[in-house]
Amino acid sequence: MSTQKTPRIDPLTLEVVDLIGTVVARYHEEYEGAAAEHALTGAQARLLSLLSLEPLPMRRLAQKLKCEPSNVTGIVDRLEVRGLVERRPDPADRRVKLAAVTEEGRGVARSLRDSLRFAREPLAGLSREERVSLRGLLLRMLDDSAGVAGPGGS
C-alpha cells in the first residue's frame, strides 16, 4: 500500500489550465481557417511560416514541426508544386538541401500572419507592461516544463 499523496490542484490552477486550453483551441481553430482560405493545410501553413523566417534543412523542419522527415518531404513537395517554396543547396554543405520560401510564398505567409486576429487584437488591448509580464510568465512556464529553469524558476 502506497502512502504517497498526490498533490491536490487548487481551483485557481484548474481554471488557469482550462483557460490556456481554450486559448490554444481557439488559436488552432483560427489558424486552420486562415490556412484553408489559402487552400493550405495547417501543417503547410506552419511550414511556410517557419520558412518565411529562414531557409531550413528538411531534418530541422521536421524537428520544429515535431513530425517525421518523410512527412516534411511531402509537405514541401506540395508547396513546391504551388510555387510557394523551393529546394536549394545549403551553402555551408552542398550535400544538404534547404527548403526556402519563394517571394509568392513569403506573401502568403504574411497574409496568413495578418489574418490571425484572435490573439493579436486582445493583446493589443493590454498595456506594454502587461504584455511583457504575460510574455515572461509564458516563457517561465515553458522553461519550467522543459526542465530548463533552475531553482525557483527563471
# chains A, B, ... in the order shown; residues from 1 in each chain; ligands from 1
>>> residues_around(residues="range 43-49 of chain A", least_positions_apart="2", cutoff="9 Å", atoms="only C-alpha atoms", output="list in words")
Tyr31, Glu32, Ala34, Ala35, His38, Leu40, Thr41, Leu51, Ser52, Leu53, Leu61, Lys64, Leu65, Val72, Ile75, Val76, Arg78, Leu79, Leu84, Val85, Ala100, Val101, Gly105, Arg106, Val108, Ala109, Arg110, Leu112 and Arg113 of chain A
>>> write_last_selection(atoms="C-alpha atoms", output="mmCIF file, in the first residue's frame")
data_model
loop_
_atom_site.group_PDB
_atom_site.id
_atom_site.type_symbol
_atom_site.label_atom_id
_atom_site.label_comp_id
_atom_site.auth_asym_id
_atom_site.auth_seq_id
_atom_site.Cartn_x
_atom_site.Cartn_y
_atom_site.Cartn_z
ATOM 1 C CA TYR A 31 -5.060 29.202 -37.762
ATOM 2 C CA GLU A 32 -6.699 26.282 -39.583
ATOM 3 C CA ALA A 34 -6.705 31.120 -42.190
ATOM 4 C CA ALA A 35 -4.760 28.272 -43.803
ATOM 5 C CA HIS A 38 -5.201 29.951 -48.892
ATOM 6 C CA LEU A 40 -3.395 25.133 -47.300
ATOM 7 C CA THR A 41 -3.488 22.585 -44.523
ATOM 8 C CA LEU A 51 10.440 29.156 -43.872
ATOM 9 C CA SER A 52 9.428 32.810 -44.114
ATOM 10 C CA LEU A 53 11.915 33.396 -41.266
ATOM 11 C CA LEU A 61 11.873 21.435 -40.265
ATOM 12 C CA LYS A 64 10.393 22.142 -35.434
ATOM 13 C CA LEU A 65 7.101 20.664 -36.671
ATOM 14 C CA VAL A 72 8.046 17.171 -44.290
ATOM 15 C CA ILE A 75 4.542 18.933 -47.431
ATOM 16 C CA VAL A 76 7.473 20.626 -49.178
ATOM 17 C CA ARG A 78 3.076 20.071 -52.392
ATOM 18 C CA LEU A 79 4.178 23.642 -51.586
ATOM 19 C CA LEU A 84 5.461 28.711 -52.587
ATOM 20 C CA VAL A 85 8.757 27.025 -51.634
ATOM 21 C CA ALA A 100 13.264 28.090 -48.802
ATOM 22 C CA VAL A 101 10.214 30.266 -49.270
ATOM 23 C CA GLY A 105 5.288 32.046 -50.518
ATOM 24 C CA ARG A 106 6.515 34.980 -48.437
ATOM 25 C CA VAL A 108 1.121 34.042 -48.483
ATOM 26 C CA ALA A 109 2.911 33.686 -45.121
ATOM 27 C CA ARG A 110 2.480 37.432 -44.494
ATOM 28 C CA LEU A 112 -1.642 34.286 -43.010
ATOM 29 C CA ARG A 113 0.040 36.207 -40.191
#
>>> select_by_dssp(residues="chain A", states="alpha helix (DSSP H)", output="VMD selection string")
chain A and resid 11 to 37 42 to 51 58 to 65 69 to 81 103 to 115 120 to 124 128 to 145
>>> atom_distance(atom1="CA of Val81 in chain A", atom2="CA of Ser115 in chain A")
24.0 Å
>>> closest_residue(among="A:Val132, A:Pro122, A:Leu142, A:Gly83", to="Val23 in chain A", atoms="only C-alpha atoms")
A:Pro122
>>> closest_residue(among="A:Glu29, A:Asp144, A:Arg120, A:Leu98", to="Gly42 in chain A", atoms="only C-alpha atoms")
A:Glu29
>>> select_by_dssp(residues="chain A", states="strand (DSSP E or B)", output="number ranges by chain")
A: 56-57, 85-90, 93-101, 150, 153
>>> write_last_selection(atoms="C-alpha atoms", output="mmCIF file, in the first residue's frame")
data_model
loop_
_atom_site.group_PDB
_atom_site.id
_atom_site.type_symbol
_atom_site.label_atom_id
_atom_site.label_comp_id
_atom_site.auth_asym_id
_atom_site.auth_seq_id
_atom_site.Cartn_x
_atom_site.Cartn_y
_atom_site.Cartn_z
ATOM 1 C CA LEU A 56 15.910 25.294 -43.250
ATOM 2 C CA PRO A 57 17.049 21.743 -43.961
ATOM 3 C CA VAL A 85 8.757 27.025 -51.634
ATOM 4 C CA GLU A 86 11.845 25.794 -53.420
ATOM 5 C CA ARG A 87 14.728 23.478 -52.629
ATOM 6 C CA ARG A 88 18.269 24.809 -52.857
ATOM 7 C CA PRO A 89 21.710 23.580 -51.851
ATOM 8 C CA ASP A 90 22.965 24.616 -48.409
ATOM 9 C CA ASP A 93 27.225 21.891 -47.054
ATOM 10 C CA ARG A 94 26.206 21.350 -50.667
ATOM 11 C CA ARG A 95 25.118 17.760 -49.866
ATOM 12 C CA VAL A 96 22.251 19.195 -47.789
ATOM 13 C CA LYS A 97 19.127 20.643 -49.395
ATOM 14 C CA LEU A 98 17.411 23.612 -47.803
ATOM 15 C CA ALA A 99 13.735 24.376 -48.181
ATOM 16 C CA ALA A 100 13.264 28.090 -48.802
ATOM 17 C CA VAL A 101 10.214 30.266 -49.270
ATOM 18 C CA GLY A 150 16.944 26.467 -12.220
ATOM 19 C CA GLY A 153 12.115 29.253 -11.735
#
>>> atom_distance(atom1="CA of Gly74 in chain A", atom2="CA of Leu50 in chain A")
16.0 Å
>>> atom_distance(atom1="CA of Ala25 in chain A", atom2="CA of Ser70 in chain A")
27.0 Å
